[in-house]
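**Student:** Right, I'll just put the structure down here and ask away after.
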Amino acid sequence: RVQKLTGKNLEFHEVDLMNKEALRSVFQKYPKIACVIHFAALKAVGESFQKVLDYYHNNIGGACNLLAVMEEFKVFKLVFSSSATVYGVPEYLPLDEKHKTGNCTNPYGTTKD
């Protein structure tokens, strides 16, 4: 879908963000990386209540690993895929980016805030 929206050919790499060496290998393969689009995360709201620590470990820990490797390779542009769950209970509809964040109602949303 990103290729269709941008009209550009993109390389997709499925890499476990908890594996810094695997991340580094992608950055080494493409030394001219200018930006990263980060879609990786556990994302089931209901499950996040049963596996709170797994969600924090994967979603926050993985994002931190990605940011650390990006810094190593001097890549400072990131598109982060967040979630409407970061807004909690909407103050009005439709939701927009003027809503306050941080009133998440589930662990998943907290990891995306």
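Note on naming: chains are A, B, ... as they come in the structure tokens, residues start from 1 per chain, ligands start from 1 in the order shown.
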Excluding same-chain residues fewer than 5 positions from Val26 of chain A, what lies within 9 Å of it counting only C-alpha atoms, as a PyMOL selection string?
**Tutor:** chain A and resi 13+15+21+31
**Student:** Could you list, as a list in words, every residue within 10 Å of Lys32 of chain A, counting only C-alpha atoms and ignoring same-chain residues fewer than 6 positions away?
**Tutor:** Phe73, Lys74 and Val75 of chain A
**Student:** Hey, what's within 8 Å of Lys77 of chain A if we count only C-alpha atoms and toss same-chain stuff fewer than 4 positions away? As a count of residues only, please?
**Tutor:** 3
**Student:** Enumerate as a count of residues only all residues of segment 8-111 of chain A assigned to strand (DSSP E or B) by DSSP on the backbone, naming them with the chain letters and numbers the document uses.
**Tutor:** 6
**Student:** Using only C-alpha atoms, determine which residues lie at most 9 Å from segment 97-108 of chain A, disregarding the query and same-chain residues fewer than 2 positions distant; provide the list as a PyMOL selection string.
**Tutor:** chain A and resi 42-49+51-53+55-56+59+85-92+95+110-113
**Student:** Let me see the file: selected residues, C-alpha atoms, as an mmCIF file, in the first residue's frame.
**Tutor:**
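Final file, out.cif:
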data_model
loop_
_atom_site.group_PDB
_atom_site.id
_atom_site.type_symbol
_atom_site.label_atom_id
_atom_site.label_comp_id
_atom_site.auth_asym_id
_atom_site.auth_seq_id
_atom_site.Cartn_x
_atom_site.Cartn_y
_atom_site.Cartn_z
ATOM 1 C CA LEU A 42 1.977 -6.166 18.644
ATOM 2 C CA LYS A 43 -1.449 -4.649 18.068
ATOM 3 C CA ALA A 44 -4.379 -6.474 19.637
ATOM 4 C CA VAL A 45 -6.105 -4.290 22.222
ATOM 5 C CA GLY A 46 -7.771 -7.186 24.038
ATOM 6 C CA GLU A 47 -4.642 -9.308 24.121
ATOM 7 C CA SER A 48 -2.648 -6.385 25.510
ATOM 8 C CA PHE A 49 -4.547 -6.729 28.802
ATOM 9 C CA LYS A 51 0.160 -9.778 27.955
ATOM 10 C CA VAL A 52 0.985 -6.326 29.285
ATOM 11 C CA LEU A 53 4.724 -6.910 29.706
ATOM 12 C CA TYR A 55 3.460 -5.503 24.700
ATOM 13 C CA TYR A 56 5.755 -3.104 26.545
ATOM 14 C CA ASN A 59 6.523 -2.317 21.227
ATOM 15 C CA THR A 85 -6.075 4.335 20.816
ATOM 16 C CA VAL A 86 -3.597 6.995 22.023
ATOM 17 C CA TYR A 87 -6.533 9.412 22.299
ATOM 18 C CA GLY A 88 -8.502 7.298 24.777
ATOM 19 C CA VAL A 89 -12.183 8.193 24.963
ATOM 20 C CA PRO A 90 -12.835 10.762 22.208
ATOM 21 C CA GLU A 91 -13.803 14.282 23.242
ATOM 22 C CA TYR A 92 -15.597 14.680 19.903
ATOM 23 C CA LEU A 95 -11.058 11.987 15.841
ATOM 24 C CA THR A 110 0.015 3.231 26.014
ATOM 25 C CA THR A 111 2.832 1.607 24.015
ATOM 26 C CA LYS A 112 1.886 3.696 20.976
ATOM 27 C CA ASP A 113 1.518 7.039 22.769
#
**Student:** One decimal, Å: what's the distance from atom CA of Met70 of chain A over to atom CA of Gln3 of chain A, could you say?
**Tutor:** 21.9 Å
**Student:** Excluding segment 61-69 of chain A and any residue of its chain fewer than 6 positions from it, enumerate the residues within 9 Å of it, using only C-alpha atoms, and give them as a VMD selection string.
**Tutor:** chain A and resid 16 to 20 23 to 24 27 38 40 to 41 75 to 76 78
**Student:** Would you pick out the contacts of Val2 of chain A at 12 Å or less, using only C-alpha atoms, so that residues sharing its chain but fewer than 5 positions from it are not included, and give the list as JSON, numbers by chain?
**Tutor:** {"A": [7, 8, 9, 10, 11, 12, 37, 38, 39, 79]}
**Student:** I need the residues from that last selection saved to file as a short mmCIF file (atom, residue, chain, number, x, y, z; two decimals), in the first residue's frame (with all heavy atoms), if you can.
**Tutor:**
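For reference, again.cif as written:
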data_model
loop_
_atom_site.label_atom_id
_atom_site.label_comp_id
_atom_site.auth_asym_id
_atom_site.auth_seq_id
_atom_site.Cartn_x
_atom_site.Cartn_y
_atom_site.Cartn_z
N GLY A 7 4.04 5.94 -5.11
CA GLY A 7 4.46 5.78 -6.49
C GLY A 7 5.92 5.38 -6.61
O GLY A 7 6.53 5.51 -7.67
N LYS A 8 6.50 4.89 -5.54
CA LYS A 8 7.91 4.49 -5.53
C LYS A 8 8.05 3.01 -5.20
O LYS A 8 7.22 2.45 -4.49
CB LYS A 8 8.70 5.31 -4.51
CG LYS A 8 8.67 6.79 -4.80
CD LYS A 8 9.56 7.54 -3.84
CE LYS A 8 9.44 9.01 -4.09
NZ LYS A 8 10.51 9.55 -4.86
N ASN A 9 9.11 2.40 -5.71
CA ASN A 9 9.42 1.03 -5.35
C ASN A 9 10.15 1.04 -4.01
O ASN A 9 11.12 1.76 -3.84
CB ASN A 9 10.30 0.37 -6.41
CG ASN A 9 9.54 0.12 -7.69
OD1 ASN A 9 8.34 -0.17 -7.66
ND2 ASN A 9 10.21 0.24 -8.81
N LEU A 10 9.66 0.25 -3.08
CA LEU A 10 10.25 0.19 -1.75
C LEU A 10 10.69 -1.22 -1.44
O LEU A 10 10.08 -2.19 -1.90
CB LEU A 10 9.23 0.64 -0.70
CG LEU A 10 8.63 2.02 -0.89
CD1 LEU A 10 7.50 2.25 0.10
CD2 LEU A 10 9.68 3.10 -0.76
N GLU A 11 11.73 -1.34 -0.66
CA GLU A 11 12.18 -2.65 -0.19
C GLU A 11 11.56 -2.90 1.17
O GLU A 11 11.63 -2.05 2.05
CB GLU A 11 13.71 -2.67 -0.07
CG GLU A 11 14.44 -2.60 -1.38
CD GLU A 11 14.36 -3.89 -2.17
OE1 GLU A 11 14.23 -4.97 -1.56
OE2 GLU A 11 14.41 -3.81 -3.40
N PHE A 12 10.95 -4.05 1.34
CA PHE A 12 10.37 -4.44 2.62
C PHE A 12 11.26 -5.47 3.27
O PHE A 12 11.69 -6.42 2.62
CB PHE A 12 8.97 -5.03 2.41
CG PHE A 12 8.37 -5.58 3.67
CD1 PHE A 12 7.79 -4.74 4.61
CD2 PHE A 12 8.41 -6.95 3.93
CE1 PHE A 12 7.25 -5.24 5.78
CE2 PHE A 12 7.86 -7.46 5.10
CZ PHE A 12 7.29 -6.61 6.02
N ILE A 37 10.07 3.83 7.89
CA ILE A 37 8.64 3.76 8.22
C ILE A 37 8.48 2.59 9.18
O ILE A 37 8.79 1.46 8.83
CB ILE A 37 7.78 3.56 6.96
CG1 ILE A 37 8.01 4.69 5.96
CG2 ILE A 37 6.30 3.48 7.34
CD1 ILE A 37 7.32 4.48 4.62
N HIS A 38 8.04 2.89 10.38
CA HIS A 38 7.96 1.89 11.45
C HIS A 38 6.51 1.45 11.67
O HIS A 38 5.71 2.18 12.23
CB HIS A 38 8.55 2.49 12.72
CG HIS A 38 8.42 1.63 13.94
ND1 HIS A 38 8.35 0.26 13.91
CD2 HIS A 38 8.36 1.96 15.25
CE1 HIS A 38 8.24 -0.21 15.15
NE2 HIS A 38 8.24 0.82 15.97
N PHE A 39 6.20 0.24 11.19
CA PHE A 39 4.87 -0.34 11.37
C PHE A 39 4.87 -1.48 12.39
O PHE A 39 3.82 -2.00 12.73
CB PHE A 39 4.35 -0.93 10.04
CG PHE A 39 4.06 0.08 8.98
CD1 PHE A 39 4.69 0.01 7.76
CD2 PHE A 39 3.14 1.08 9.19
CE1 PHE A 39 4.41 0.92 6.75
CE2 PHE A 39 2.84 2.00 8.21
CZ PHE A 39 3.49 1.92 6.99
N VAL A 79 8.89 7.78 10.22
CA VAL A 79 7.43 7.82 10.18
C VAL A 79 6.98 6.71 11.12
O VAL A 79 7.26 5.54 10.89
CB VAL A 79 6.88 7.60 8.76
CG1 VAL A 79 5.36 7.55 8.78
CG2 VAL A 79 7.39 8.67 7.81
#
